[in-house]
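Trainee: Encoded as structure tokens, here's the structure I'll be asking about.
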Amino acid sequence: MILNVQTKKQKIGLALFILGTLIYFSSWLALIIEPISDWSLSKIGFLAPAYTTITWLAGISLIGNKSFLKINKVSSIYFVLSVLFVAVHTWHVLIAYQNMKAL
């Protein structure tokens, strides 16, 4: 996908990408700095690096508008695939969380 920042939609996508990246890295930092905190041991905190990826992936889907290949609606396809990825990834991390809690 070719990324471009010219239209209002693409500028919003860039802002969402930057904000999403900050949220994503913050969720990791919380786990790394305080691994035994209530947040890190909670389900929502433990899963945060998995589900927060949707914010920066959504930003990329708004920034991109063309493909190197002749693919129509590449941004929509990218977004749907991103949602599927985040769903499977979050589910996988949930399994890891449940296994960790079972120990």
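Residue numbering restarts at 1 for every chain of the structure tokens, chains are lettered A, B, ... in their displayed order, and ligands are numbered from 1 as they appear.
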Residues within 9 Å of Ser82 in chain A, please, as a list in words. Count only C-alpha atoms; anything in the same chain fewer than 5 positions from it doesn't count.
Mentor: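 Non-adjacent residues within range: Thr53, Ile54, Leu57, Ala58, Ser61, Ile77 and Ala87 of chain A.
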Trainee: Might you pull out every residue within 10 Å of range 44-46 of chain A, with only C-alpha atoms counted and same-chain residues fewer than 4 positions away left off, and present them as a list in words?
Mentor: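 So, after excluding close chain neighbours, the residues are Ser27, Trp28, Ala30, Leu31, Pro35, Ser37, Asp38, Trp39, Ser40, Ala50, Tyr51, Val93, Leu94, Ala96 and Tyr97 of chain A.
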Trainee: Keeping only N, CA and C atoms, take the residues you just selected and write them out as a PDB file, in the first residue's frame.
Mentor:
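Result file follows (part.pdb):
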ATOM      1  N   SER A  27       1.495   0.983  26.567  1.00  0.00           N
ATOM      2  CA  SER A  27       0.966  -0.258  27.143  1.00  0.00           C
ATOM      3  C   SER A  27       2.093  -1.259  27.399  1.00  0.00           C
ATOM      4  N   TRP A  28       3.083  -1.281  26.518  1.00  0.00           N
ATOM      5  CA  TRP A  28       4.244  -2.150  26.740  1.00  0.00           C
ATOM      6  C   TRP A  28       5.090  -1.639  27.896  1.00  0.00           C
ATOM      7  N   ALA A  30       4.221   0.011  30.485  1.00  0.00           N
ATOM      8  CA  ALA A  30       3.577  -0.291  31.767  1.00  0.00           C
ATOM      9  C   ALA A  30       3.879  -1.728  32.195  1.00  0.00           C
ATOM     10  N   LEU A  31       3.864  -2.650  31.255  1.00  0.00           N
ATOM     11  CA  LEU A  31       4.158  -4.050  31.573  1.00  0.00           C
ATOM     12  C   LEU A  31       5.633  -4.270  31.893  1.00  0.00           C
ATOM     13  N   PRO A  35       5.894  -4.938  36.120  1.00  0.00           N
ATOM     14  CA  PRO A  35       5.272  -6.209  35.720  1.00  0.00           C
ATOM     15  C   PRO A  35       4.378  -6.848  36.776  1.00  0.00           C
ATOM     16  N   SER A  37       2.378  -4.986  38.877  1.00  0.00           N
ATOM     17  CA  SER A  37       1.363  -4.021  39.300  1.00  0.00           C
ATOM     18  C   SER A  37      -0.038  -4.588  39.052  1.00  0.00           C
ATOM     19  N   ASP A  38      -1.023  -3.955  39.665  1.00  0.00           N
ATOM     20  CA  ASP A  38      -2.410  -4.376  39.450  1.00  0.00           C
ATOM     21  C   ASP A  38      -2.770  -4.289  37.963  1.00  0.00           C
ATOM     22  N   TRP A  39      -2.297  -3.227  37.299  1.00  0.00           N
ATOM     23  CA  TRP A  39      -2.581  -3.054  35.866  1.00  0.00           C
ATOM     24  C   TRP A  39      -1.979  -4.200  35.048  1.00  0.00           C
ATOM     25  N   SER A  40      -0.728  -4.482  35.270  1.00  0.00           N
ATOM     26  CA  SER A  40      -0.041  -5.513  34.493  1.00  0.00           C
ATOM     27  C   SER A  40      -0.617  -6.901  34.726  1.00  0.00           C
ATOM     28  N   ALA A  50      -1.860  -6.131  22.833  1.00  0.00           N
ATOM     29  CA  ALA A  50      -2.497  -6.858  21.733  1.00  0.00           C
ATOM     30  C   ALA A  50      -3.617  -6.042  21.099  1.00  0.00           C
ATOM     31  N   TYR A  51      -4.501  -5.467  21.926  1.00  0.00           N
ATOM     32  CA  TYR A  51      -5.659  -4.779  21.347  1.00  0.00           C
ATOM     33  C   TYR A  51      -5.395  -3.326  20.971  1.00  0.00           C
ATOM     34  N   VAL A  93      -3.375 -13.897  23.101  1.00  0.00           N
ATOM     35  CA  VAL A  93      -2.833 -13.347  24.344  1.00  0.00           C
ATOM     36  C   VAL A  93      -3.769 -13.657  25.514  1.00  0.00           C
ATOM     37  N   LEU A  94      -5.064 -13.679  25.267  1.00  0.00           N
ATOM     38  CA  LEU A  94      -6.019 -14.054  26.307  1.00  0.00           C
ATOM     39  C   LEU A  94      -5.773 -15.488  26.773  1.00  0.00           C
ATOM     40  N   ALA A  96      -2.906 -17.017  26.687  1.00  0.00           N
ATOM     41  CA  ALA A  96      -1.673 -16.948  27.477  1.00  0.00           C
ATOM     42  C   ALA A  96      -1.963 -16.401  28.873  1.00  0.00           C
ATOM     43  N   TYR A  97      -2.814 -15.384  28.948  1.00  0.00           N
ATOM     44  CA  TYR A  97      -3.182 -14.802  30.243  1.00  0.00           C
ATOM     45  C   TYR A  97      -3.880 -15.842  31.119  1.00  0.00           C
TER      46      TYR A  97
END
Trainee: Fewer than 5 positions away in the same chain doesn't count, so skip those; otherwise give me all residues within 12 Å of Leu69 in chain A, counting only C-alpha atoms, as an mmCIF file with N, CA and C atoms, in the first residue's frame.
Mentor:
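Everything below was put into selection-v2.cif:
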data_model
loop_
_atom_site.group_PDB
_atom_site.id
_atom_site.type_symbol
_atom_site.label_atom_id
_atom_site.label_comp_id
_atom_site.auth_asym_id
_atom_site.auth_seq_id
_atom_site.Cartn_x
_atom_site.Cartn_y
_atom_site.Cartn_z
ATOM 1 N N MET A 1 0.841 -1.162 0.000
ATOM 2 C CA MET A 1 0.000 0.000 0.000
ATOM 3 C C MET A 1 0.894 1.234 0.000
ATOM 4 N N ILE A 2 0.530 2.192 -0.793
ATOM 5 C CA ILE A 2 1.282 3.435 -0.890
ATOM 6 C C ILE A 2 0.705 4.422 0.129
ATOM 7 N N VAL A 74 -8.160 -0.833 -1.423
ATOM 8 C CA VAL A 74 -7.061 -1.418 -0.659
ATOM 9 C C VAL A 74 -7.105 -0.980 0.805
#
Trainee: Need the shell around Leu19 in chain A: protein/DNA/RNA residues with any atom at most 12 Å away, counting only C-alpha atoms. Skip same-chain ones fewer than 2 positions apart. Format as a list of chain:residue names?
Mentor: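 Here the answer would be A:Ile12, A:Gly13, A:Leu14, A:Ala15, A:Leu16, A:Phe17, A:Thr21, A:Leu22, A:Ile23, A:Tyr24, A:Phe25, A:Ser26, A:Thr52, A:Thr53, A:Ile54, A:Thr55, A:Trp56, A:Leu57, A:Ala58, A:Gly59, A:Ile60.
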Trainee: Any chance you can output those residues with N, CA and C atoms as a tab-separated table (two decimals), in the first residue's frame?
Mentor:
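And here is the file that came out, again.tsv:
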chain	number	residue	atom	x	y	z
A	12	ILE	N	-5.82	12.87	9.29
A	12	ILE	CA	-6.44	12.25	10.47
A	12	ILE	C	-5.81	10.88	10.69
A	13	GLY	N	-5.57	10.13	9.61
A	13	GLY	CA	-4.92	8.83	9.71
A	13	GLY	C	-3.53	8.93	10.31
A	14	LEU	N	-2.78	9.95	9.92
A	14	LEU	CA	-1.44	10.15	10.47
A	14	LEU	C	-1.52	10.46	11.97
A	15	ALA	N	-2.47	11.31	12.36
A	15	ALA	CA	-2.65	11.62	13.78
A	15	ALA	C	-3.04	10.36	14.56
A	16	LEU	N	-3.93	9.56	13.99
A	16	LEU	CA	-4.35	8.31	14.63
A	16	LEU	C	-3.18	7.34	14.73
A	17	PHE	N	-2.36	7.28	13.69
A	17	PHE	CA	-1.18	6.42	13.71
A	17	PHE	C	-0.22	6.85	14.82
A	21	THR	N	0.43	4.65	18.10
A	21	THR	CA	1.79	4.17	18.38
A	21	THR	C	2.19	4.54	19.81
A	22	LEU	N	1.86	5.74	20.23
A	22	LEU	CA	2.17	6.16	21.61
A	22	LEU	C	1.40	5.31	22.62
A	23	ILE	N	0.13	5.04	22.35
A	23	ILE	CA	-0.67	4.21	23.25
A	23	ILE	C	-0.10	2.79	23.31
A	24	TYR	N	0.25	2.26	22.13
A	24	TYR	CA	0.80	0.91	22.05
A	24	TYR	C	2.10	0.79	22.86
A	25	PHE	N	3.02	1.71	22.64
A	25	PHE	CA	4.29	1.64	23.37
A	25	PHE	C	4.08	1.91	24.86
A	26	SER	N	3.14	2.76	25.21
A	26	SER	CA	2.83	3.00	26.62
A	26	SER	C	2.31	1.73	27.29
A	52	THR	N	-4.37	-2.70	21.53
A	52	THR	CA	-4.10	-1.30	21.17
A	52	THR	C	-3.49	-1.17	19.77
A	53	THR	N	-3.04	-2.26	19.20
A	53	THR	CA	-2.48	-2.20	17.84
A	53	THR	C	-3.51	-1.73	16.82
A	54	ILE	N	-4.80	-1.91	17.12
A	54	ILE	CA	-5.82	-1.52	16.14
A	54	ILE	C	-5.79	-0.02	15.88
A	55	THR	N	-5.34	0.78	16.85
A	55	THR	CA	-5.33	2.22	16.64
A	55	THR	C	-4.33	2.64	15.58
A	56	TRP	N	-3.10	2.15	15.68
A	56	TRP	CA	-2.12	2.56	14.67
A	56	TRP	C	-2.34	1.85	13.34
A	57	LEU	N	-2.89	0.63	13.36
A	57	LEU	CA	-3.22	-0.04	12.11
A	57	LEU	C	-4.36	0.68	11.39
A	58	ALA	N	-5.34	1.17	12.15
A	58	ALA	CA	-6.43	1.95	11.55
A	58	ALA	C	-5.87	3.24	10.94
A	59	GLY	N	-4.91	3.84	11.61
A	59	GLY	CA	-4.27	5.04	11.06
A	59	GLY	C	-3.62	4.77	9.73
A	60	ILE	N	-2.92	3.65	9.62
A	60	ILE	CA	-2.30	3.29	8.35
A	60	ILE	C	-3.35	3.08	7.27
Trainee: Which distance in Å separates CA of Phe79 in chain A and CA of Gly64 in chain A, to one decimal?
Mentor: 10.4 Å
Trainee: Considering only strand (DSSP E) as DSSP defines it on the backbone, what residues of chain A qualify? List them as a PyMOL selection string.
Mentor: chain A and resi 2-3+64-66
Trainee: May I ask for the distance between CA of Ile33 in chain A and CA of Leu84 in chain A, given in Å to one decimal place?
Mentor: 29.5 Å
